[in-house]
file protein.txt (compact mmCIF, C-alpha atoms)
# COMPACT_ATOMS: atom_id res chain seq x y z
CA MET A 138 31.84 -16.15 -9.29
CA THR A 139 29.79 -12.95 -8.99
CA VAL A 140 26.12 -13.37 -9.89
CA LYS A 141 24.36 -10.51 -11.69
CA ILE A 142 20.76 -9.63 -10.80
CA LEU A 143 18.63 -7.02 -12.54
CA SER A 144 15.48 -5.71 -10.88
CA LEU A 145 12.58 -4.81 -13.20
CA SER A 146 9.74 -2.95 -11.48
CA ASN A 147 6.86 -0.85 -12.74
CA GLY A 148 5.68 1.72 -10.21
CA HIS A 149 6.63 3.54 -7.03
CA GLY A 150 5.23 0.82 -4.73
CA GLU A 151 6.85 -1.90 -6.81
CA ASP A 152 10.19 -0.05 -6.71
CA ALA A 153 9.94 0.08 -2.91
CA ILE A 154 9.31 -3.67 -2.70
CA ALA A 155 12.23 -4.38 -5.04
CA VAL A 156 14.47 -2.18 -2.89
CA ARG A 157 13.59 -4.21 0.22
CA ILE A 158 14.58 -7.45 -1.55
CA LEU A 159 17.78 -5.97 -3.00
CA ARG A 160 18.77 -4.63 0.42
CA GLU A 161 18.41 -8.14 1.84
CA LEU A 162 20.39 -9.54 -1.11
CA GLN A 163 23.23 -7.18 -0.21
CA GLN A 164 23.39 -8.93 3.18
CA GLN A 165 23.83 -12.38 1.65
CA PRO A 166 27.30 -14.01 1.86
CA HIS A 167 27.58 -14.68 -1.89
CA PRO A 168 29.06 -11.98 -4.19
CA LEU A 169 26.29 -10.30 -6.16
CA GLU A 170 26.23 -7.51 -8.75
CA LEU A 171 22.88 -5.71 -8.54
CA ALA A 172 21.26 -3.30 -10.97
CA ALA A 173 17.80 -1.83 -11.55
CA LEU A 174 15.57 -0.81 -14.44
CA PRO A 175 12.42 0.96 -13.21
CA LEU A 176 9.85 0.85 -16.01
CA VAL A 177 7.52 3.55 -14.62
CA GLY A 178 8.62 6.85 -13.14
CA LEU A 179 12.12 7.89 -12.14
CA GLY A 180 12.84 5.02 -9.75
CA GLN A 181 13.80 7.32 -6.88
CA ALA A 182 13.37 4.50 -4.34
CA TYR A 183 16.50 2.83 -5.73
CA GLY A 184 18.50 5.83 -4.55
CA GLN A 185 18.27 4.38 -1.03
CA LEU A 186 20.71 1.64 -2.03
CA ASP A 187 24.46 1.86 -2.53
CA ASN A 188 26.02 0.23 -5.57
CA VAL A 189 22.71 -0.45 -7.36
CA PRO A 190 22.83 1.60 -10.58
CA ILE A 191 19.81 2.33 -12.79
CA ILE A 192 21.00 1.02 -16.13
CA GLY A 193 18.47 2.42 -18.61
CA PRO A 194 16.27 5.40 -19.49
CA VAL A 195 13.57 6.49 -17.04
CA LYS A 196 10.81 9.03 -17.42
CA SER A 197 7.96 10.45 -15.38
CA LEU A 198 4.71 10.00 -17.31
CA PRO A 199 1.34 11.75 -16.72
CA SER A 200 -0.52 8.67 -15.49
CA GLY A 201 2.01 7.72 -12.83
CA GLY A 202 1.51 4.13 -14.00
CA PHE A 203 -2.29 4.01 -13.77
CA ILE A 204 -3.08 3.70 -17.48
CA TYR A 205 -5.21 0.58 -16.87
CA MET A 206 -7.80 2.71 -15.08
CA ASP A 207 -8.35 5.35 -17.72
CA GLN A 208 -7.91 5.29 -21.51
CA ASP A 209 -7.31 9.05 -21.44
CA GLN A 210 -4.32 8.43 -19.18
CA LEU A 211 -2.94 5.93 -21.71
CA TRP A 212 -3.33 8.48 -24.51
CA ARG A 213 -1.48 11.14 -22.47
CA ASP A 214 1.33 8.69 -21.75
CA LEU A 215 1.61 7.82 -25.44
CA GLN A 216 1.80 11.51 -26.29
CA ALA A 217 4.51 11.94 -23.64
CA GLY A 218 6.68 9.23 -25.21
CA LEU A 219 5.59 5.95 -23.63
CA PHE A 220 6.19 3.79 -26.72
CA PRO A 221 9.77 5.00 -27.47
CA LEU A 222 10.56 4.64 -23.76
CA ILE A 223 9.45 0.99 -23.74
CA LEU A 224 11.58 0.26 -26.82
CA GLN A 225 14.63 1.88 -25.27
CA GLN A 226 14.13 -0.02 -22.03
CA TYR A 227 13.78 -3.32 -23.90
CA GLN A 228 16.98 -2.64 -25.84
CA THR A 229 18.78 -1.89 -22.58
CA LEU A 230 17.44 -5.11 -21.10
CA ARG A 231 18.65 -7.19 -24.06
CA GLN A 232 22.13 -5.68 -23.81
CA TRP A 233 22.30 -6.45 -20.10
CA VAL A 234 21.17 -10.07 -20.59
CA LYS A 235 24.06 -10.69 -23.01
CA GLN A 236 26.42 -10.22 -20.07
CA GLY A 237 24.75 -13.01 -18.09
CA GLY A 238 22.65 -12.91 -14.97
CA PHE A 239 18.98 -13.29 -14.07
CA ILE A 240 16.02 -11.00 -13.60
CA LEU A 241 13.97 -10.14 -10.55
CA ALA A 242 10.60 -8.98 -11.98
CA VAL A 243 8.43 -7.07 -9.49
CA GLY A 244 4.90 -5.92 -10.27
CA ASP A 245 2.47 -7.20 -12.91
CA ILE A 246 2.51 -8.71 -16.38
CA VAL A 247 4.68 -5.92 -17.82
CA PRO A 248 7.94 -6.78 -16.00
CA LEU A 249 6.99 -10.48 -16.10
CA PHE A 250 6.59 -10.38 -19.90
CA LEU A 251 9.81 -8.40 -20.40
CA ALA A 252 11.67 -10.86 -18.19
CA TRP A 253 10.45 -13.73 -20.36
CA LEU A 254 11.14 -11.80 -23.57
CA SER A 255 14.73 -11.14 -22.48
CA GLY A 256 15.70 -14.81 -22.75
CA ALA A 257 17.19 -14.84 -19.25
CA ASN A 258 16.16 -16.87 -16.22
CA TYR A 259 13.85 -14.93 -13.94
CA VAL A 260 11.75 -14.87 -10.80
CA PHE A 261 8.52 -12.97 -10.33
CA VAL A 262 7.19 -11.10 -7.30
CA GLY A 263 3.49 -10.56 -8.01
CA THR A 264 2.41 -7.38 -6.25
CA ALA A 265 -0.66 -6.43 -8.27
CA LYS A 266 -2.91 -9.48 -8.24
CA SER A 267 -4.55 -11.51 -5.49
CA ASP A 268 -7.23 -14.17 -5.47
CA TYR A 269 -8.91 -12.10 -2.75
CA TYR A 270 -10.28 -9.98 -5.59
CA LEU A 271 -12.35 -13.03 -6.58
CA ARG A 272 -12.87 -15.02 -3.38
CA ASP A 273 -12.14 -15.18 0.30
CA GLU A 274 -11.97 -18.04 2.77
CA GLN A 275 -15.78 -18.34 2.71
CA GLY A 276 -16.10 -18.65 -1.06
CA GLN A 277 -16.47 -16.67 -4.29
CA LEU A 278 -17.29 -12.94 -4.21
CA PRO A 279 -19.99 -11.49 -6.48
CA LEU A 280 -18.50 -10.90 -9.92
CA THR A 281 -19.34 -7.29 -10.75
CA GLN A 282 -19.01 -6.01 -14.31
CA MET A 283 -15.25 -5.43 -14.07
CA TRP A 284 -14.69 -9.01 -12.92
CA GLN A 285 -17.12 -10.85 -15.23
CA TRP A 286 -14.31 -12.26 -17.36
CA TYR A 287 -13.09 -14.21 -14.37
CA ARG A 288 -16.11 -16.51 -14.37
CA TYR A 289 -14.12 -18.51 -16.95
CA PHE A 290 -10.94 -18.78 -14.82
CA ASP A 291 -10.02 -20.34 -11.50
CA SER A 292 -7.19 -17.90 -10.82
CA ILE A 293 -6.79 -14.12 -10.71
CA TYR A 294 -3.92 -14.66 -13.16
CA PHE A 295 -4.97 -15.15 -16.77
CA PRO A 296 -3.79 -18.28 -18.65
CA TRP A 297 -1.11 -16.33 -20.54
CA GLU A 298 0.26 -15.00 -17.24
CA CYS A 299 0.26 -18.52 -15.82
CA TRP A 300 2.14 -19.67 -18.92
CA LEU A 301 4.84 -17.06 -18.31
CA MET A 302 5.11 -18.19 -14.68
CA LYS A 303 5.18 -21.88 -15.64
CA ASN A 304 7.93 -21.37 -18.21
CA SER A 305 11.07 -23.37 -17.52
CA ARG A 306 13.13 -20.17 -17.22
CA CYS A 307 10.86 -18.91 -14.43
CA ARG A 308 12.65 -20.19 -11.34
CA GLY A 309 10.28 -18.93 -8.65
CA VAL A 310 7.03 -17.03 -8.16
CA PHE A 311 6.24 -15.12 -4.97
CA PRO A 312 2.54 -14.19 -4.77
CA ARG A 313 1.34 -11.63 -2.25
CA ASP A 314 -0.73 -13.98 -0.07
CA THR A 315 -1.39 -17.60 0.86
CA LEU A 316 -4.72 -17.80 -0.97
CA THR A 317 -3.15 -16.85 -4.33
CA THR A 318 -0.14 -19.11 -3.78
CA GLN A 319 -2.33 -22.15 -3.20
CA THR A 320 -4.23 -21.52 -6.45
CA LEU A 321 -1.05 -21.14 -8.54
CA GLN A 322 0.45 -24.30 -7.08
CA LYS A 323 -2.50 -26.24 -8.52
CA TYR A 324 -1.18 -25.31 -11.98
CA SER A 325 2.34 -26.64 -11.19
CA ILE A 326 3.68 -23.08 -11.04
CA PRO A 327 6.74 -22.78 -8.74
CA ALA A 328 4.83 -20.52 -6.34
CA LEU A 329 6.21 -20.06 -2.83
CA ASP A 330 4.29 -18.66 0.13
CA PHE A 331 7.00 -16.38 1.57
CA GLY A 332 4.72 -13.49 2.57
CA ASN A 333 4.33 -9.95 1.31
CA PRO A 334 7.45 -7.72 1.23
CA MET A 335 5.30 -4.61 1.64
CA MET A 336 4.94 -5.52 5.33
CA ASP A 337 8.71 -5.45 5.89
CA ASP A 338 10.59 -2.55 7.48
CA LEU A 339 7.56 -1.67 9.59
CA GLU A 340 7.91 -1.71 13.35
CA PRO A 341 6.08 -4.57 15.08
CA ILE A 342 2.67 -3.30 16.06
CA THR A 343 0.06 -4.32 18.59
CA THR A 344 -3.26 -2.61 17.99
CA ARG A 345 -4.21 -0.20 20.78
CA PHE A 346 -7.95 -0.68 20.29
CA HIS A 347 -10.04 -2.10 23.10
CA GLN A 348 -7.49 -3.95 25.18
CA PRO A 349 -9.68 -5.35 28.00
CA HIS A 350 -6.92 -5.67 30.61
CA LEU A 351 -5.94 -1.98 30.63
CA GLU A 352 -6.76 -0.03 33.74
CA GLN A 353 -9.42 2.61 33.26
CA GLU A 354 -7.02 5.51 33.80
CA GLU A 355 -4.73 4.10 31.07
CA ARG A 356 -7.65 3.95 28.68
CA GLN A 357 -8.35 7.66 28.97
CA ARG A 358 -6.17 8.73 26.07
CA SER A 359 -6.19 10.25 22.61
CA LEU A 360 -7.96 8.60 19.72
CA VAL A 361 -5.41 8.86 16.90
CA ILE A 362 -6.77 8.93 13.34
CA ILE A 363 -4.22 8.61 10.54
CA LEU A 364 -4.79 10.58 7.33
CA LEU A 365 -3.45 8.94 4.15
CA PRO A 366 -4.12 11.17 1.11
CA GLY A 367 -1.87 9.28 -1.31
CA SER A 368 1.40 10.29 -2.93
CA ARG A 369 0.83 11.49 -6.50
CA PRO A 370 0.26 15.18 -7.27
CA PRO A 371 -2.04 16.77 -8.24
CA GLU A 372 -4.45 14.00 -7.14
CA VAL A 373 -3.10 14.00 -3.58
CA TYR A 374 -4.23 17.62 -3.07
CA HIS A 375 -7.79 16.86 -4.23
CA ASN A 376 -7.77 13.85 -1.90
CA TRP A 377 -6.58 16.08 0.94
CA ASP A 378 -9.57 18.39 0.48
CA LEU A 379 -11.95 15.42 0.70
CA ILE A 380 -10.21 14.02 3.75
CA LEU A 381 -10.41 17.39 5.50
CA GLN A 382 -14.16 17.36 4.94
CA GLY A 383 -14.24 14.01 6.73
CA VAL A 384 -12.09 15.43 9.53
CA HIS A 385 -14.49 18.36 9.93
CA ASN A 386 -17.48 16.00 10.14
CA ILE A 387 -15.77 13.90 12.82
CA ILE A 388 -14.95 16.99 14.88
CA GLN A 389 -18.51 18.23 14.62
CA GLU A 390 -20.05 14.95 15.80
CA PHE A 391 -17.42 13.53 18.15
CA THR A 392 -16.22 16.43 20.29
CA ASP A 393 -17.62 18.67 22.97
CA PRO A 394 -17.00 22.22 21.65
CA ASN A 395 -16.36 23.47 25.18
CA GLN A 396 -14.02 20.76 26.43
CA GLY A 397 -12.67 19.04 23.31
CA LEU A 398 -13.61 15.64 24.71
CA MET A 399 -14.74 12.67 22.68
CA VAL A 400 -18.50 12.13 22.66
CA LEU A 401 -19.76 8.64 21.84
CA PRO A 402 -23.54 8.51 22.28
CA GLY A 403 -24.90 5.19 23.50
CA ASN A 404 -22.90 2.20 24.67
CA HIS A 405 -19.21 2.27 23.96
CA VAL A 406 -16.15 0.40 25.17
CA LEU A 407 -13.59 3.17 25.59
CA SER A 408 -13.72 6.88 26.22
CA TYR A 409 -11.04 9.22 24.93
CA GLN A 410 -9.63 12.41 26.37
CA ARG A 411 -8.88 14.05 23.07
CA LEU A 412 -8.90 13.63 19.32
CA VAL A 413 -5.66 13.69 17.30
CA PHE A 414 -5.29 13.55 13.51
CA LEU A 415 -1.90 12.47 12.22
CA ALA A 416 -1.35 13.12 8.50
CA ALA A 417 1.26 10.84 6.93
CA ILE A 418 2.38 12.80 3.87
CA SER A 419 4.63 11.24 1.22
CA PRO A 420 8.32 12.21 1.69
CA GLY A 421 8.43 13.64 -1.82
CA LEU A 422 5.77 16.27 -1.05
CA GLU A 423 6.18 19.61 0.73
CA LEU A 424 4.17 19.99 3.93
CA LEU A 425 3.44 23.64 3.17
CA SER A 426 1.26 22.55 0.25
CA PHE A 427 -1.11 20.95 2.77
CA CYS A 428 -1.23 23.92 5.15
CA GLU A 429 -3.28 26.40 3.10
CA PRO A 430 -6.45 24.24 3.08
CA LEU A 431 -6.08 23.86 6.84
CA THR A 432 -5.81 27.57 7.57
CA ALA A 433 -8.71 28.24 5.21
CA LEU A 434 -10.84 25.98 7.43
CA GLY A 435 -9.83 27.77 10.61
CA TRP A 436 -6.96 25.59 11.85
CA GLN A 437 -4.19 27.50 13.58
CA GLU A 438 -0.55 26.47 13.76
CA SER A 439 0.20 25.54 17.38
CA PRO A 440 3.74 24.17 17.78
CA ASP A 441 3.69 24.03 21.59
CA ILE A 442 0.78 21.62 22.14
CA PRO A 443 1.85 18.78 24.48
CA LEU A 444 0.85 15.29 23.34
CA SER A 445 2.74 13.02 25.67
CA ASP A 446 0.02 10.37 25.63
CA ILE A 447 0.63 9.43 22.00
CA ASN A 448 4.41 9.15 22.52
CA PHE A 449 5.35 10.82 19.23
CA SER A 450 9.09 11.42 18.89
CA TRP A 451 8.81 15.02 17.56
CA ALA A 452 12.02 14.85 15.61
CA HIS A 453 10.94 15.09 11.98
CA GLY A 454 10.05 18.72 11.31
CA GLU A 455 6.32 18.25 11.92
CA LEU A 456 3.77 21.02 11.61
CA ILE A 457 1.14 21.06 14.36
CA PHE A 458 -2.30 22.66 14.06
CA SER A 459 -5.26 22.98 16.43
CA LEU A 460 -8.97 23.61 16.08
CA GLN A 461 -11.56 23.42 18.88
CA LYS A 462 -9.02 21.67 21.16
CA VAL A 463 -8.45 19.05 18.45
CA THR A 464 -4.90 18.53 17.17
CA LEU A 465 -3.68 17.78 13.64
CA ILE A 466 -0.06 16.93 12.92
CA LEU A 467 1.50 17.02 9.44
CA THR A 468 4.63 14.92 8.87
CA ASN A 469 6.43 13.61 5.78
CA GLN A 470 9.30 11.86 7.58
CA ALA A 471 7.64 9.52 10.08
CA PHE A 472 5.45 7.10 8.12
CA ASN A 473 6.26 4.04 10.24
CA GLU A 474 5.62 5.98 13.42
CA CYS A 475 2.24 7.08 12.08
CA LEU A 476 1.34 3.44 11.48
CA ARG A 477 2.43 2.56 15.00
CA LEU A 478 0.33 5.27 16.62
CA GLY A 479 -2.80 5.11 14.51
CA ASP A 480 -6.03 3.53 15.70
CA VAL A 481 -7.94 4.00 12.46
CA ALA A 482 -7.16 5.60 9.09
CA LEU A 483 -8.98 7.88 6.69
CA ALA A 484 -7.34 6.56 3.56
CA MET A 485 -7.19 7.47 -0.11
CA ALA A 486 -3.96 5.63 -0.85
CA GLY A 487 -2.84 2.31 -2.30
CA THR A 488 0.15 0.67 -0.64
CA ALA A 489 -0.03 2.80 2.52
CA THR A 490 -3.62 1.68 3.15
CA GLU A 491 -2.69 -1.97 2.69
CA GLN A 492 0.23 -1.65 5.10
CA PHE A 493 -1.98 -0.04 7.74
CA VAL A 494 -4.59 -2.76 7.34
CA GLY A 495 -1.87 -5.43 7.42
CA LEU A 496 -1.03 -4.29 10.94
CA GLY A 497 -4.51 -5.34 12.01
CA LYS A 498 -6.13 -1.91 11.95
CA PRO A 499 -9.30 -0.60 10.23
CA ALA A 500 -9.31 1.96 7.44
CA ILE A 501 -12.14 4.13 6.10
CA ALA A 502 -11.95 5.11 2.43
CA ILE A 503 -13.69 7.79 0.36
CA PRO A 504 -13.57 7.49 -3.46
CA GLY A 505 -12.02 10.45 -5.25
CA THR A 506 -11.71 11.60 -8.85
CA GLY A 507 -8.48 9.76 -9.72
CA PRO A 508 -6.50 8.87 -11.68
CA GLN A 509 -5.73 6.36 -8.92
CA PHE A 510 -8.26 6.55 -6.13
CA THR A 511 -11.53 6.34 -8.09
CA PRO A 512 -14.75 4.58 -7.03
CA THR A 513 -13.56 1.56 -9.03
CA PHE A 514 -10.22 1.55 -7.24
CA ALA A 515 -11.92 1.85 -3.84
CA ASP A 516 -14.28 -1.03 -4.66
CA ASN A 517 -11.37 -3.22 -5.79
CA GLN A 518 -9.36 -2.32 -2.72
CA HIS A 519 -12.33 -3.34 -0.59
CA ARG A 520 -12.42 -6.73 -2.35
CA LEU A 521 -8.71 -7.11 -1.66
CA LEU A 522 -8.80 -6.08 2.01
CA GLY A 523 -12.25 -7.34 2.97
CA PRO A 524 -13.78 -6.16 6.26
CA SER A 525 -10.65 -4.20 7.20
CA LEU A 526 -11.58 -1.47 4.70
CA ILE A 527 -14.92 0.32 4.98
CA VAL A 528 -15.81 2.43 1.94
CA GLY A 529 -18.04 5.47 2.40
CA GLN A 530 -19.58 7.23 -0.55
CA ASN A 531 -18.82 10.74 0.73
CA PRO A 532 -17.27 12.46 3.78
CA THR A 533 -20.61 12.87 5.54
CA GLU A 534 -20.76 9.09 6.15
CA ILE A 535 -17.45 8.93 8.01
CA PRO A 536 -18.63 9.79 11.56
CA GLU A 537 -21.24 7.02 11.58
CA ILE A 538 -18.72 4.49 10.21
CA LEU A 539 -16.26 5.49 12.91
CA ARG A 540 -18.92 5.32 15.62
CA SER A 541 -19.90 1.83 14.48
CA LEU A 542 -16.27 0.66 14.72
CA LEU A 543 -15.71 2.11 18.18
CA ARG A 544 -18.83 0.40 19.54
CA ASN A 545 -17.97 -3.07 18.28
CA PRO A 546 -14.90 -4.76 19.80
CA ASP A 547 -15.76 -8.11 18.18
CA ARG A 548 -15.67 -6.45 14.77
CA LEU A 549 -12.32 -4.85 15.59
CA GLN A 550 -10.91 -8.24 16.59
CA LEU A 551 -12.10 -9.72 13.27
CA ILE A 552 -10.47 -6.79 11.44
CA ALA A 553 -7.18 -7.37 13.29
CA GLU A 554 -7.10 -11.05 12.33
CA ASN A 555 -8.24 -10.40 8.76
CA GLY A 556 -5.60 -7.76 8.01
CA LYS A 557 -2.71 -9.85 9.26
CA ARG A 558 -3.94 -12.89 7.34
CA ARG A 559 -4.34 -11.05 4.02
CA LEU A 560 -1.03 -9.16 4.18
CA GLY A 561 1.04 -11.80 5.93
CA GLN A 562 3.87 -11.80 8.42
CA PRO A 563 6.97 -9.59 8.03
CA GLY A 564 10.22 -11.07 6.73
CA ALA A 565 9.23 -11.86 3.13
CA SER A 566 12.08 -9.82 1.63
CA ARG A 567 14.67 -11.76 3.63
CA ARG A 568 13.07 -15.10 2.73
CA ILE A 569 13.01 -14.21 -0.98
CA ALA A 570 16.61 -12.98 -0.89
CA GLU A 571 17.78 -16.19 0.81
CA TYR A 572 15.96 -18.26 -1.83
CA LEU A 573 17.58 -16.30 -4.66
CA SER A 574 21.00 -16.47 -3.07
CA THR A 575 20.72 -20.22 -2.54
CA ASN A 576 19.27 -21.14 -5.94
CA PHE A 577 21.23 -18.82 -8.23
CA THR A 578 24.72 -18.87 -6.69
CA VAL A 579 25.35 -22.59 -6.38

call {"tool": "encode", "arguments": {"input": "protein.txt", "output": "structure tokens"}}
result
Amino acid sequence: MTVKILSLSNGHGEDAIAVRILRELQQQPHPLELAALPLVGLGQAYGQLDNVPIIGPVKSLPSGGFIYMDQDQLWRDLQAGLFPLILQQYQTLRQWVKQGGFILAVGDIVPLFLAWLSGANYVFVGTAKSDYYLRDEQGQLPLTQMWQWYRYFDSIYFPWECWLMKNSRCRGVFPRDTLTTQTLQKYSIPALDFGNPMMDDLEPITTRFHQPHLEQEERQRSLVIILLPGSRPPEVYHNWDLILQGVHNIIQEFTDPNQGLMVLPGNHVLSYQRLVFLAAISPGLELLSFCEPLTALGWQESPDIPLSDINFSWAHGELIFSLQKVTLILTNQAFNECLRLGDVALAMAGTATEQFVGLGKPAIAIPGTGPQFTPTFADNQHRLLGPSLIVGQNPTEIPEILRSLLRNPDRLQLIAENGKRRLGQPGASRRIAEYLSTNFTV
């Protein structure tokens, strides 16, 4: 008998995680009929899959799904038709449930609540919440104003969310990390520590920072700094301007204007022959939109610069710029390769920053104007990622933060261990798919 599975997800990152799980489900031996209902945005990520139709109405709303950060964003979404959209999606969901099947809810309380409301059996992949927002392995974090309500609760999940997860029709909960899983298990919630699907489909990485057994000549190489401006226009373009200010400050303080060599005053572990910035732009954005700010700052397009030491494949339509013997590469088709090559990131992104940190690498963040990457978002992301994310207040602080990282191999080792612990080992999507296939097809 063919089993029907409907994926409910509420955001671009959540869609991507759902797609990873559905792709693994397609590899399972049991016959499955898969479908999707993205609750936020157009659900373009589902287009990567064959035979997974989107069954209901979708719409791109002004907030991009970040209404919880700004009441003005909620008002704009309501004006753009948020409430009728939710009603139509719920009606579609109820019609689908009448045909049998179960629901894979990916995201936060919105898909979790709709899954419960549908009357079907369901599982929940919790992507939005982590107990790391409240505590780490050493104990509770200071509860700032935003988190004051949590002094009454032991878990990042509120009691009503726990009730939805403890419901008899909820057949499995997959939190994003071990710490959160252990808390939910105390409440007899069927929580399973399978890892975080956001770390799947990334090439296995070994950090290139400060490897003590390398010969000196092998250590004379480029320092590669990844630029992660985010994915949502128009915010991404404002973020890009801020990041370029940080890039300019690094160039001013870290290079010899005559030779283009790295300059690290004082004691340092490695020296670098050159400085390379690698901008990982979202595939849905045109690279040309990021070129004008570069040329305005004096960067010149230089397609013939050799960069054999970073082993970039040069097969994705990159745009290459130079300034004072420093190189900057723009690409929107090589995200995984950017993660592989990067030593440190200047980041104003959500999921991309977490993935980079999960590979054991440090990221430096600068708060922007939003709607996503605000000072509040940056502070919360720091709580989530701990010492792997260093938040500066403005671009002028970036060179000193970078210098501090480069001088401290013990700190970099702590960051490597911390990131891998908080984001988990790859393979979560496969483990979740095998659990679903085993428990819903027998």

call {"tool": "atom_distance", "arguments": {"input": "protein.txt", "atom1": "CA of Ile158 in chain A", "atom2": "CA of Ser566 in chain A"}}
result
4.7 Å

call {"tool": "residues_around", "arguments": {"input": "protein.txt", "residues": "range 358-372 of chain A", "least_positions_apart": "6", "cutoff": "6 Å", "atoms": "only C-alpha atoms", "output": "PyMOL selection string"}}
result
chain A and resi 409-417+419+479-486

call {"tool": "residues_around", "arguments": {"input": "protein.txt", "residues": "Val528 in chain A", "least_positions_apart": "5", "cutoff": "6 Å", "atoms": "all atoms listed in the file", "output": "ChimeraX atom specification"}}
result
/A:501-503

call {"tool": "closest_residue", "arguments": {"input": "protein.txt", "among": "A:Leu573, A:Ile552, A:Val260, A:Leu280", "to": "Ala328 in chain A", "atoms": "only C-alpha atoms"}}
result
A:Val260

call {"tool": "atom_distance", "arguments": {"input": "protein.txt", "atom1": "CA of Asn258 in chain A", "atom2": "CA of Arg306 in chain A"}}
result
4.6 Å

call {"tool": "residues_around", "arguments": {"input": "protein.txt", "residues": "Thr488 in chain A", "least_positions_apart": "5", "cutoff": "10 Å", "atoms": "all atoms listed in the file", "output": "list in words"}}
result
His149, Gly150, Glu151, Met335, Met336, Gly367, Ser368, Phe493 and Val494 of chain A

call {"tool": "write_last_selection", "arguments": {"input": "protein.txt", "atoms": "C-alpha atoms", "output": "JSON list (two decimals), in the frame of the given file"}}
result
[["chain", "number", "residue", "atom", "x", "y", "z"],
["A", 149, "HIS", "CA", 6.63, 3.54, -7.03],
["A", 150, "GLY", "CA", 5.23, 0.82, -4.73],
["A", 151, "GLU", "CA", 6.85, -1.90, -6.81],
["A", 335, "MET", "CA", 5.30, -4.61, 1.64],
["A", 336, "MET", "CA", 4.94, -5.52, 5.33],
["A", 367, "GLY", "CA", -1.87, 9.28, -1.31],
["A", 368, "SER", "CA", 1.40, 10.29, -2.93],
["A", 493, "PHE", "CA", -1.98, -0.04, 7.74],
["A", 494, "VAL", "CA", -4.59, -2.76, 7.34]]

call {"tool": "atom_distance", "arguments": {"input": "protein.txt", "atom1": "CA of Val140 in chain A", "atom2": "CA of Gly238 in chain A"}}
result
6.2 Å

call {"tool": "closest_residue", "arguments": {"input": "protein.txt", "among": "A:Gly383, A:Gly505, A:Gly556, A:Gly435", "to": "Pro532 in chain A", "atoms": "all atoms listed in the file"}}
result
A:Gly383
